$ cat model_25.cif   # mmCIF, C-alpha atoms
data_upload
#
loop_
_atom_site.label_atom_id
_atom_site.label_comp_id
_atom_site.auth_asym_id
_atom_site.auth_seq_id
_atom_site.Cartn_x
_atom_site.Cartn_y
_atom_site.Cartn_z
CA MET R 89 -84.99 -35.50 -5.71
CA THR R 90 -81.92 -33.83 -7.19
CA ILE R 91 -78.26 -33.85 -6.27
CA GLY R 92 -75.63 -31.26 -7.17
CA VAL R 93 -72.00 -31.94 -8.07
CA VAL R 94 -69.66 -29.00 -7.49
CA VAL R 95 -67.26 -28.25 -10.32
CA PHE R 96 -64.09 -26.38 -9.35
CA PRO R 97 -61.44 -25.47 -11.90
CA GLY R 98 -59.32 -28.62 -11.70
CA SER R 99 -62.04 -31.05 -10.60
CA ASN R 100 -61.70 -34.24 -12.62
CA CYS R 101 -64.16 -36.69 -11.10
CA ASP R 102 -67.24 -34.49 -11.48
CA ARG R 103 -68.43 -36.31 -14.58
CA ASP R 104 -67.60 -39.70 -13.06
CA VAL R 105 -69.88 -38.87 -10.14
CA ARG R 106 -72.69 -37.82 -12.47
CA TRP R 107 -72.21 -40.94 -14.56
CA ALA R 108 -72.57 -43.03 -11.41
CA SER R 109 -75.39 -41.09 -9.73
CA GLU R 110 -77.46 -40.52 -12.85
CA GLY R 111 -76.34 -43.23 -15.24
CA CYS R 112 -76.06 -46.10 -12.76
CA LEU R 113 -78.42 -45.07 -9.97
CA GLY R 114 -80.99 -42.94 -11.78
CA MET R 115 -80.68 -39.83 -9.60
CA SER R 116 -81.37 -36.49 -11.20
CA THR R 117 -77.96 -34.74 -11.08
CA LYS R 118 -76.77 -31.27 -11.96
CA PHE R 119 -73.41 -29.56 -11.99
CA LEU R 120 -72.73 -26.54 -9.76
CA TRP R 121 -70.03 -24.16 -11.01
CA HIS R 122 -67.83 -23.02 -8.14
CA GLU R 123 -69.03 -19.43 -8.49
CA THR R 124 -72.71 -20.14 -7.94
CA ARG R 125 -74.32 -19.48 -4.57
CA ASP R 126 -77.63 -21.07 -5.45
CA LEU R 127 -78.18 -24.49 -3.90
CA GLY R 128 -81.97 -24.22 -4.11
CA GLY R 129 -83.90 -27.41 -4.81
CA LEU R 130 -81.00 -29.73 -4.02
CA ASP R 131 -81.29 -32.69 -1.66
CA ALA R 132 -77.56 -33.41 -1.49
CA VAL R 133 -74.26 -32.03 -2.75
CA VAL R 134 -71.11 -33.89 -3.81
CA LEU R 135 -67.62 -32.38 -3.73
CA PRO R 136 -65.81 -34.55 -6.27
CA GLY R 137 -62.22 -35.65 -6.62
CA GLY R 138 -59.55 -33.85 -8.60
CA PHE R 139 -57.21 -30.94 -8.02
CA SER R 140 -59.37 -27.95 -7.16
CA TYR R 141 -57.60 -24.69 -8.12
CA GLY R 142 -54.58 -26.83 -8.93
CA ASP R 143 -54.33 -27.78 -5.24
CA TYR R 144 -52.00 -24.79 -4.96
CA LEU R 145 -50.79 -23.95 -1.45
CA ARG R 146 -52.39 -27.11 0.05
CA CYS R 147 -55.01 -29.52 -1.23
CA GLY R 148 -58.37 -27.80 -0.86
CA ALA R 149 -56.90 -24.62 0.67
CA LEU R 150 -58.05 -22.27 -2.08
CA ALA R 151 -61.28 -24.12 -2.83
CA ARG R 152 -62.56 -23.56 0.69
CA TYR R 153 -63.14 -19.89 -0.12
CA ALA R 154 -65.17 -20.58 -3.28
CA PRO R 155 -68.56 -18.79 -3.32
CA VAL R 156 -70.45 -22.09 -3.65
CA LEU R 157 -68.98 -23.27 -0.35
CA GLU R 158 -70.32 -20.26 1.55
CA SER R 159 -73.78 -21.48 0.60
CA LEU R 160 -72.74 -25.03 1.41
CA LEU R 161 -72.05 -24.09 5.06
CA GLU R 162 -75.65 -22.96 5.40
CA PHE R 163 -76.86 -26.02 3.50
CA VAL R 164 -75.05 -28.25 6.03
CA ARG R 165 -76.37 -26.23 9.00
CA ASN R 166 -79.88 -26.87 7.71
CA GLY R 167 -79.20 -30.62 7.65
CA GLY R 168 -78.42 -31.00 3.92
CA LYS R 169 -76.29 -34.01 3.01
CA VAL R 170 -72.79 -33.45 1.67
CA LEU R 171 -70.42 -36.11 0.35
CA GLY R 172 -66.75 -35.22 -0.17
CA ILE R 173 -64.75 -37.70 -2.20
CA CYS R 174 -60.93 -37.56 -2.24
CA ASN R 175 -60.19 -33.89 -3.05
CA GLY R 176 -63.71 -33.21 -1.79
CA PHE R 177 -62.74 -34.74 1.57
CA GLN R 178 -59.65 -32.50 1.64
CA VAL R 179 -61.86 -29.47 0.96
CA LEU R 180 -64.25 -30.46 3.78
CA THR R 181 -61.40 -30.61 6.31
CA GLU R 182 -60.01 -27.26 5.12
CA LEU R 183 -63.52 -25.81 5.46
CA GLY R 184 -63.75 -27.12 9.02
CA LEU R 185 -66.87 -29.18 8.29
CA LEU R 186 -64.84 -32.27 9.18
CA PRO R 187 -61.97 -32.37 11.69
CA GLY R 188 -58.34 -33.25 10.90
CA ALA R 189 -56.35 -32.86 7.69
CA LEU R 190 -55.12 -34.94 4.76
CA THR R 191 -51.36 -34.96 4.27
CA ARG R 192 -48.74 -36.48 1.99
CA ASN R 193 -48.85 -40.29 1.76
CA LYS R 194 -46.32 -41.88 4.06
CA GLY R 195 -44.59 -43.66 1.17
CA LEU R 196 -44.64 -40.50 -1.00
CA ASN R 197 -46.14 -42.37 -3.95
CA PHE R 198 -49.39 -41.47 -5.63
CA ILE R 199 -51.41 -44.63 -4.99
CA CYS R 200 -54.00 -45.80 -7.50
CA GLN R 201 -55.41 -49.23 -6.68
CA PRO R 202 -58.45 -51.14 -5.43
CA THR R 203 -58.48 -51.07 -1.63
CA LYS R 204 -60.22 -53.19 0.99
CA LEU R 205 -62.17 -51.21 3.55
CA SER R 206 -64.13 -52.13 6.60
CA VAL R 207 -67.37 -50.40 7.55
CA THR R 208 -66.73 -49.28 11.13
CA SER R 209 -69.88 -47.33 11.79
CA SER R 210 -73.36 -47.54 10.38
CA ARG R 211 -74.60 -44.70 12.58
CA SER R 212 -75.08 -42.32 9.68
CA THR R 213 -77.49 -42.88 6.82
CA TRP R 214 -74.55 -42.90 4.40
CA LEU R 215 -73.92 -46.55 5.13
CA LYS R 216 -77.49 -47.63 5.76
CA ASP R 217 -77.13 -50.35 3.11
CA HIS R 218 -74.29 -51.87 5.16
CA ASN R 219 -73.65 -53.34 8.57
CA LYS R 220 -70.75 -52.64 10.86
CA GLY R 221 -67.95 -55.04 9.89
CA ASP R 222 -68.92 -55.29 6.21
CA LEU R 223 -65.98 -55.31 3.83
CA LEU R 224 -65.96 -53.12 0.73
CA CYS R 225 -63.54 -52.89 -2.16
CA LEU R 226 -63.23 -49.35 -3.56
CA PRO R 227 -60.51 -47.73 -5.69
CA ILE R 228 -58.26 -45.09 -4.17
CA ALA R 229 -56.26 -42.59 -6.24
CA HIS R 230 -54.37 -40.01 -4.22
CA GLY R 231 -50.98 -38.63 -3.27
CA GLU R 232 -52.16 -36.83 -0.16
CA GLY R 233 -54.57 -39.04 1.67
CA ARG R 234 -52.84 -39.62 4.98
CA TYR R 235 -55.46 -38.64 7.53
CA GLN R 236 -53.99 -36.71 10.45
CA CYS R 237 -55.64 -35.44 13.59
CA SER R 238 -54.79 -34.78 17.22
CA GLU R 239 -55.30 -37.49 19.81
CA ASP R 240 -58.20 -35.52 21.29
CA THR R 241 -59.89 -35.37 17.89
CA LEU R 242 -59.38 -39.10 17.39
CA PHE R 243 -60.97 -39.84 20.77
CA ARG R 244 -63.87 -37.57 19.91
CA LEU R 245 -64.37 -39.28 16.55
CA GLN R 246 -64.39 -42.63 18.33
CA ASP R 247 -66.74 -41.46 21.09
CA GLU R 248 -69.15 -40.04 18.54
CA ASP R 249 -68.92 -43.15 16.38
CA SER R 250 -67.95 -40.90 13.46
CA ILE R 251 -65.31 -43.14 11.86
CA SER R 252 -67.22 -44.67 8.97
CA LEU R 253 -64.54 -46.50 7.00
CA ARG R 254 -61.11 -47.89 7.84
CA TYR R 255 -58.48 -49.39 5.55
CA CYS R 256 -57.87 -53.11 6.05
CA ASN R 257 -54.25 -52.62 4.87
CA ASN R 258 -53.43 -48.99 5.55
CA PRO R 259 -51.88 -47.78 2.25
CA ASN R 260 -50.93 -44.22 3.18
CA GLY R 261 -50.13 -44.02 6.88
CA SER R 262 -53.45 -42.56 8.01
CA VAL R 263 -54.00 -42.25 11.74
CA TYR R 264 -56.01 -45.25 13.01
CA ASP R 265 -56.33 -46.53 9.38
CA ILE R 266 -58.99 -43.88 8.77
CA ALA R 267 -60.41 -43.77 5.24
CA GLY R 268 -63.65 -41.89 5.87
CA ILE R 269 -65.39 -39.92 8.64
CA THR R 270 -68.64 -38.12 9.25
CA ASN R 271 -69.40 -34.97 11.23
CA SER R 272 -71.14 -35.42 14.58
CA LYS R 273 -74.56 -34.76 13.08
CA GLY R 274 -73.86 -37.42 10.44
CA ASN R 275 -75.01 -35.43 7.41
CA VAL R 276 -71.48 -34.84 6.07
CA LEU R 277 -69.27 -37.72 4.92
CA GLY R 278 -65.71 -37.36 3.65
CA LEU R 279 -63.71 -40.28 2.31
CA MET R 280 -60.57 -40.80 0.26
CA PRO R 281 -61.77 -43.84 -1.75
CA HIS R 282 -63.89 -43.31 -4.85
CA PRO R 283 -67.36 -44.91 -4.58
CA GLU R 284 -68.34 -43.43 -7.96
CA ARG R 285 -65.71 -45.63 -9.62
CA ALA R 286 -67.37 -48.75 -8.24
CA CYS R 287 -70.96 -48.52 -9.40
CA ASP R 288 -70.97 -50.68 -12.54
CA PRO R 289 -70.06 -54.39 -12.64
CA LEU R 290 -68.48 -53.74 -16.04
CA ILE R 291 -65.61 -51.82 -14.43
CA GLY R 292 -64.97 -54.19 -11.61
CA GLY R 293 -67.52 -53.85 -8.84
CA ILE R 294 -70.54 -52.16 -7.36
CA ASP R 295 -69.42 -51.67 -3.76
CA GLY R 296 -69.70 -47.89 -4.15
CA ARG R 297 -73.43 -47.92 -4.80
CA GLY R 298 -74.43 -48.07 -1.14
CA ILE R 299 -72.59 -44.84 -0.29
CA LEU R 300 -74.00 -42.96 -3.29
CA ASN R 301 -77.48 -44.25 -2.42
CA GLY R 302 -76.91 -42.52 0.91
CA LEU R 303 -77.17 -39.18 -0.93
CA LEU R 304 -80.92 -39.63 -0.99
CA GLY R 305 -81.37 -41.49 2.26
CA MET C 265 -49.58 4.64 2.30
CA PRO C 266 -46.56 2.94 3.88
CA GLN C 267 -45.45 -0.34 2.40
CA PHE C 268 -44.13 -3.32 4.31
CA GLN C 269 -42.40 -6.45 3.24
CA ALA C 270 -43.00 -9.66 5.03
CA ARG C 271 -42.05 -13.29 5.02
CA VAL C 272 -44.28 -16.01 6.39
CA LEU C 273 -42.64 -19.34 7.18
CA VAL C 274 -44.99 -22.32 7.26
CA SER C 275 -43.77 -25.56 8.78
CA LEU C 276 -45.38 -28.88 9.59
CA ARG C 277 -46.10 -29.27 13.29
CA PRO C 278 -43.44 -31.38 15.00
CA SER C 279 -45.96 -34.18 15.62
CA VAL C 280 -46.79 -34.52 11.91
CA LEU C 281 -44.70 -36.94 9.88
CA ASP C 282 -42.87 -35.30 6.95
CA PRO C 283 -42.15 -38.11 4.49
CA ALA C 284 -40.72 -35.70 1.89
CA GLY C 285 -38.30 -34.36 4.50
CA GLU C 286 -37.31 -37.91 5.43
CA ALA C 287 -36.68 -38.75 1.77
CA ALA C 288 -34.49 -35.65 1.38
CA ARG C 289 -32.62 -36.58 4.54
CA SER C 290 -31.73 -40.00 3.14
CA ALA C 291 -30.56 -38.28 -0.05
CA ALA C 292 -28.26 -36.12 2.09
CA GLN C 293 -26.58 -39.31 3.25
CA ARG C 294 -26.36 -40.57 -0.33
CA ILE C 295 -24.39 -37.50 -1.45
CA GLY C 296 -22.04 -37.97 1.46
CA VAL C 297 -23.27 -35.26 3.81
CA GLU C 298 -23.05 -36.93 7.20
CA GLY C 299 -24.74 -36.09 10.45
CA VAL C 300 -28.02 -34.58 9.24
CA SER C 301 -30.32 -35.77 12.00
CA LYS C 302 -33.34 -33.68 11.10
CA LEU C 303 -34.69 -32.33 7.83
CA ARG C 304 -38.22 -30.97 7.61
CA ILE C 305 -39.62 -29.16 4.61
CA GLY C 306 -41.84 -26.11 4.91
CA LYS C 307 -42.89 -23.15 2.79
CA SER C 308 -41.66 -19.60 2.64
CA VAL C 309 -44.11 -16.94 1.41
CA ASP C 310 -42.84 -13.46 0.49
CA LEU C 311 -45.32 -10.62 0.61
CA ALA C 312 -45.56 -6.87 0.20
CA ILE C 313 -48.47 -5.04 1.78
CA ASP C 314 -49.73 -1.46 1.93
CA ALA C 315 -51.13 -0.51 5.33
CA PRO C 316 -51.46 2.62 7.50
CA ASP C 317 -48.91 1.31 10.01
CA GLU C 318 -46.91 -1.75 10.95
CA ASP C 319 -49.41 -2.98 13.56
CA GLU C 320 -52.19 -2.96 11.01
CA ALA C 321 -50.00 -4.69 8.41
CA ARG C 322 -49.12 -7.34 10.98
CA ARG C 323 -52.75 -7.82 11.95
CA ARG C 324 -53.78 -8.38 8.33
CA LEU C 325 -50.95 -10.79 7.63
CA GLU C 326 -51.74 -12.74 10.78
CA VAL C 327 -55.29 -13.24 9.52
CA LEU C 328 -53.93 -14.31 6.14
CA SER C 329 -51.43 -16.72 7.66
CA ASP C 330 -53.92 -18.29 10.01
CA ARG C 331 -56.78 -18.61 7.55
CA LEU C 332 -55.07 -19.30 4.25
CA LEU C 333 -51.29 -19.74 4.18
CA ALA C 334 -51.18 -22.35 6.95
CA ASN C 335 -53.59 -24.99 8.14
CA PRO C 336 -53.34 -24.78 11.94
CA VAL C 337 -54.41 -28.43 12.25
CA ILE C 338 -51.09 -29.61 10.84
CA GLU C 339 -48.92 -26.52 10.41
CA ASP C 340 -47.28 -23.75 12.45
CA TRP C 341 -46.33 -20.39 10.98
CA SER C 342 -44.18 -17.40 11.87
CA LEU C 343 -44.19 -13.89 10.47
CA ASP C 344 -41.37 -11.40 9.90
CA ILE C 345 -42.30 -7.92 8.81
CA GLU C 346 -40.40 -4.69 8.13
CA PRO C 347 -41.04 -1.32 6.47
CA LEU C 348 -40.16 -1.42 2.78
CA ASN C 349 -39.55 2.25 2.11
CA HIS C 350 -39.10 4.80 4.91
CA SER C 351 -38.92 7.76 2.53
CA ASN C 352 -42.66 7.39 1.73
CA GLU C 353 -43.59 8.07 5.33
CA SER C 354 -44.09 11.66 6.35
#
$ encode --input "model_25.cif" --output "C-alpha cells"
Amino acid sequence: MTIGVVVFPGSNCDRDVRWASEGCLGMSTKFLWHETRDLGGLDAVVLPGGFSYGDYLRCGALARYAPVLESLLEFVRNGGKVLGICNGFQVLTELGLLPGALTRNKGLNFICQPTKLSVTSSRSTWLKDHNKGDLLCLPIAHGEGRYQCSEDTLFRLQDEDSISLRYCNNPNGSVYDIAGITNSKGNVLGLMPHPERACDPLIGGIDGRGILNGLLG
Amino acid sequence: MPQFQARVLVSLRPSVLDPAGEAARSAAQRIGVEGVSKLRIGKSVDLAIDAPDEDEARRRLEVLSDRLLANPVIEDWSLDIEPLNHSNES
C-alpha cells in the first residue's frame, strides 16, 4: 500500500505529510512532482498545504491545470482516495472535485492556531475511526479558508451528508462553520485544518491520525 | 494576423462578503472621505491577443475568463475588447 504526496512549486507541507504518514503511521509514501502524469501503484493521493504556484490569481487557480491533476481526475473517477489539506482543499474546489470555494478570512488575518472541530459525518471512510459528534483539536494555518457556497450547494451537501467537519468556534466566517467536506461518492476529502500536524504527541496531539489512517481505509 | 487588446474585470459576486473591501471602506472614513457606502475590490487583467477576427478573439478570451481568470462560484467577470492596430488589417 503506497500513498503519493503531490509537490507543486510552492507547496510547503509536503514533507510534513510524509513525516506523518510514513514516520508516524508507517505508510509507504512517495512524492509526485506536479509534472508527472503517472499515478500507477498508488492507493491514495494527498494534495498538501502551501502556496501552489505562489497562489497567483487565486489560491489553487493555476495548480488546477497541473499535468498531475489531469491524471488525478481519472484516479478519482476510478474510486481512488484523495485528501486535500488547506491549499490542497482550495485546489480541489478549483478543480471542481469538491463544490464551493475558499475565500479571504472574514477578519482578514492569517490565522495559525489549534482549533476545535466537531465530526459531523462519519459516512465516508475518512472518519471511520470517529463517531458523529466526536471533538477533534487540529491546527489551522490559513489566510483564505472561508468556505463559500450557494444555498443550493449547502442543501445538497447536507442532504448527501457530505459535511465531515465543522468548526466549534468558526474562526474565518465559513458558511455553516464548514471546515471539511467530501464529494458525494465519499472518496475525496478536503479540509482546511492540518491533520498531519497532529500525529505525534510530542508536538501537542494525535487527533489527526484518524484522518490520515483514512488514506488506506 | 490582427491584434486585439482586451481588459477583463473580475469582481466578487454580490452575495460574497469582501472583507478587504470593507476594511478599505473604513479607511476611507478615517481619511475623511465621507459617504462611501460601498467599496468592493476586484481584479483588472489587461491582455493582447492575436486572432483572425474579433469574434474569435472574444471567444478565446471568454474561455480564458471563465476557466482561469475568474472562479464562477464566487466571481463575475466582464470583457472589453477592441482592435489594437487597424493598419495591419488588409
$ interface_residues --input "model_25.cif" --of "chain R" --to "chain C" --cutoff "9 Å" --atoms "all atoms listed in the file" --output "list of chain:residue names"
R:Leu145, R:Arg146, R:Ala149, R:Leu150, R:Glu182, R:Pro187, R:Gly188, R:Ala189, R:Thr191, R:Arg192, R:Asn193, R:Lys194, R:Gly195, R:Leu196, R:Gln236, R:Cys237, R:Ser238
$ residues_around --input "model_25.cif" --residues "stretch 139-142 of chain R" --least-positions-apart "3" --cutoff "6 Å" --atoms "all atoms listed in the file" --output "NGL selection string"
:R and (96-99)
$ resolve_selection --input "model_25.cif" --expression "the PyMOL selection byres ((chain R and resi 112) around 10)" --output "PyMOL selection string"
chain R and resi 105-111+113-115+284+287-288+294+297
$ atom_distance --input "model_25.cif" --atom1 "atom CA of C:Phe268" --atom2 "atom CA of C:Asp317"
8.8 Å
$ atom_distance --input "model_25.cif" --atom1 "atom CA of R:Gly231" --atom2 "atom CA of R:Gln201"
12.0 Å
$ atom_distance --input "model_25.cif" --atom1 "atom CA of C:Arg271" --atom2 "atom CA of C:Arg322"
11.0 Å
$ closest_residue --input "model_25.cif" --among "C:Met265, C:Val297, C:Val274, C:Ala292" --to "C:Ile313" --atoms "all atoms listed in the file"
C:Met265
$ build_atoms --input "model_25.cif" --residues "stretch 247-280 of chain R" --atoms "N, CA and C atoms" --output "short mmCIF file (atom, residue, chain, number, x, y, z; two decimals), in the frame of the given file"
data_model
loop_
_atom_site.label_atom_id
_atom_site.label_comp_id
_atom_site.auth_asym_id
_atom_site.auth_seq_id
_atom_site.Cartn_x
_atom_site.Cartn_y
_atom_site.Cartn_z
N ASP R 247 -65.62 -41.60 20.16
CA ASP R 247 -66.74 -41.46 21.09
C ASP R 247 -68.05 -41.21 20.35
N GLU R 248 -67.94 -40.39 19.29
CA GLU R 248 -69.15 -40.04 18.54
C GLU R 248 -69.54 -41.10 17.52
N ASP R 249 -68.70 -42.12 17.39
CA ASP R 249 -68.92 -43.15 16.38
C ASP R 249 -68.95 -42.51 14.98
N SER R 250 -67.97 -41.63 14.73
CA SER R 250 -67.95 -40.90 13.46
C SER R 250 -66.94 -41.46 12.45
N ILE R 251 -66.25 -42.54 12.82
CA ILE R 251 -65.31 -43.14 11.86
C ILE R 251 -66.09 -44.17 11.05
N SER R 252 -66.33 -43.84 9.79
CA SER R 252 -67.22 -44.67 8.97
C SER R 252 -66.48 -45.82 8.31
N LEU R 253 -65.29 -45.52 7.78
CA LEU R 253 -64.54 -46.50 7.00
C LEU R 253 -63.09 -46.53 7.43
N ARG R 254 -62.55 -47.76 7.56
CA ARG R 254 -61.11 -47.89 7.84
C ARG R 254 -60.48 -48.81 6.80
N TYR R 255 -59.22 -48.52 6.47
CA TYR R 255 -58.48 -49.39 5.55
C TYR R 255 -58.16 -50.71 6.24
N CYS R 256 -58.30 -51.82 5.50
CA CYS R 256 -57.87 -53.11 6.05
C CYS R 256 -56.34 -53.20 6.02
N ASN R 257 -55.72 -52.67 4.95
CA ASN R 257 -54.25 -52.62 4.87
C ASN R 257 -53.86 -51.18 4.59
N ASN R 258 -53.68 -50.44 5.65
CA ASN R 258 -53.43 -48.99 5.55
C ASN R 258 -52.40 -48.65 4.46
N PRO R 259 -52.81 -48.01 3.36
CA PRO R 259 -51.88 -47.78 2.25
C PRO R 259 -51.07 -46.49 2.37
N ASN R 260 -51.51 -45.56 3.24
CA ASN R 260 -50.93 -44.22 3.18
C ASN R 260 -50.44 -43.67 4.52
N GLY R 261 -50.60 -44.48 5.57
CA GLY R 261 -50.13 -44.02 6.88
C GLY R 261 -51.15 -43.25 7.69
N SER R 262 -52.41 -43.30 7.29
CA SER R 262 -53.45 -42.56 8.01
C SER R 262 -53.52 -42.97 9.48
N VAL R 263 -53.77 -41.99 10.33
CA VAL R 263 -54.00 -42.25 11.74
C VAL R 263 -55.15 -43.25 11.88
N TYR R 264 -54.96 -44.29 12.66
CA TYR R 264 -56.01 -45.25 13.01
C TYR R 264 -56.65 -45.87 11.75
N ASP R 265 -55.87 -45.93 10.65
CA ASP R 265 -56.33 -46.53 9.38
C ASP R 265 -57.59 -45.84 8.83
N ILE R 266 -57.75 -44.56 9.14
CA ILE R 266 -58.99 -43.88 8.77
C ILE R 266 -59.07 -43.60 7.27
N ALA R 267 -60.17 -44.04 6.67
CA ALA R 267 -60.41 -43.77 5.24
C ALA R 267 -61.58 -42.82 5.04
N GLY R 268 -62.49 -42.76 6.02
CA GLY R 268 -63.65 -41.89 5.87
C GLY R 268 -64.29 -41.59 7.22
N ILE R 269 -64.75 -40.34 7.38
CA ILE R 269 -65.39 -39.92 8.64
C ILE R 269 -66.63 -39.09 8.35
N THR R 270 -67.51 -39.03 9.35
CA THR R 270 -68.64 -38.12 9.25
C THR R 270 -68.50 -37.03 10.30
N ASN R 271 -69.31 -35.97 10.16
CA ASN R 271 -69.40 -34.97 11.23
C ASN R 271 -70.28 -35.54 12.34
N SER R 272 -70.39 -34.83 13.46
CA SER R 272 -71.14 -35.42 14.58
C SER R 272 -72.62 -35.58 14.25
N LYS R 273 -73.15 -34.67 13.46
CA LYS R 273 -74.56 -34.76 13.08
C LYS R 273 -74.80 -35.93 12.10
N GLY R 274 -73.75 -36.28 11.35
CA GLY R 274 -73.86 -37.42 10.44
C GLY R 274 -74.30 -37.07 9.03
N ASN R 275 -74.54 -35.78 8.76
CA ASN R 275 -75.01 -35.43 7.41
C ASN R 275 -73.87 -35.13 6.43
N VAL R 276 -72.63 -35.07 6.95
CA VAL R 276 -71.48 -34.84 6.07
C VAL R 276 -70.55 -36.04 6.14
N LEU R 277 -70.23 -36.61 4.98
CA LEU R 277 -69.27 -37.72 4.92
C LEU R 277 -68.11 -37.33 4.02
N GLY R 278 -66.89 -37.55 4.49
CA GLY R 278 -65.71 -37.36 3.65
C GLY R 278 -64.95 -38.67 3.61
N LEU R 279 -64.50 -39.05 2.41
CA LEU R 279 -63.71 -40.28 2.31
C LEU R 279 -62.71 -40.16 1.17
N MET R 280 -61.57 -40.82 1.32
CA MET R 280 -60.57 -40.80 0.26
C MET R 280 -60.90 -41.76 -0.89
#
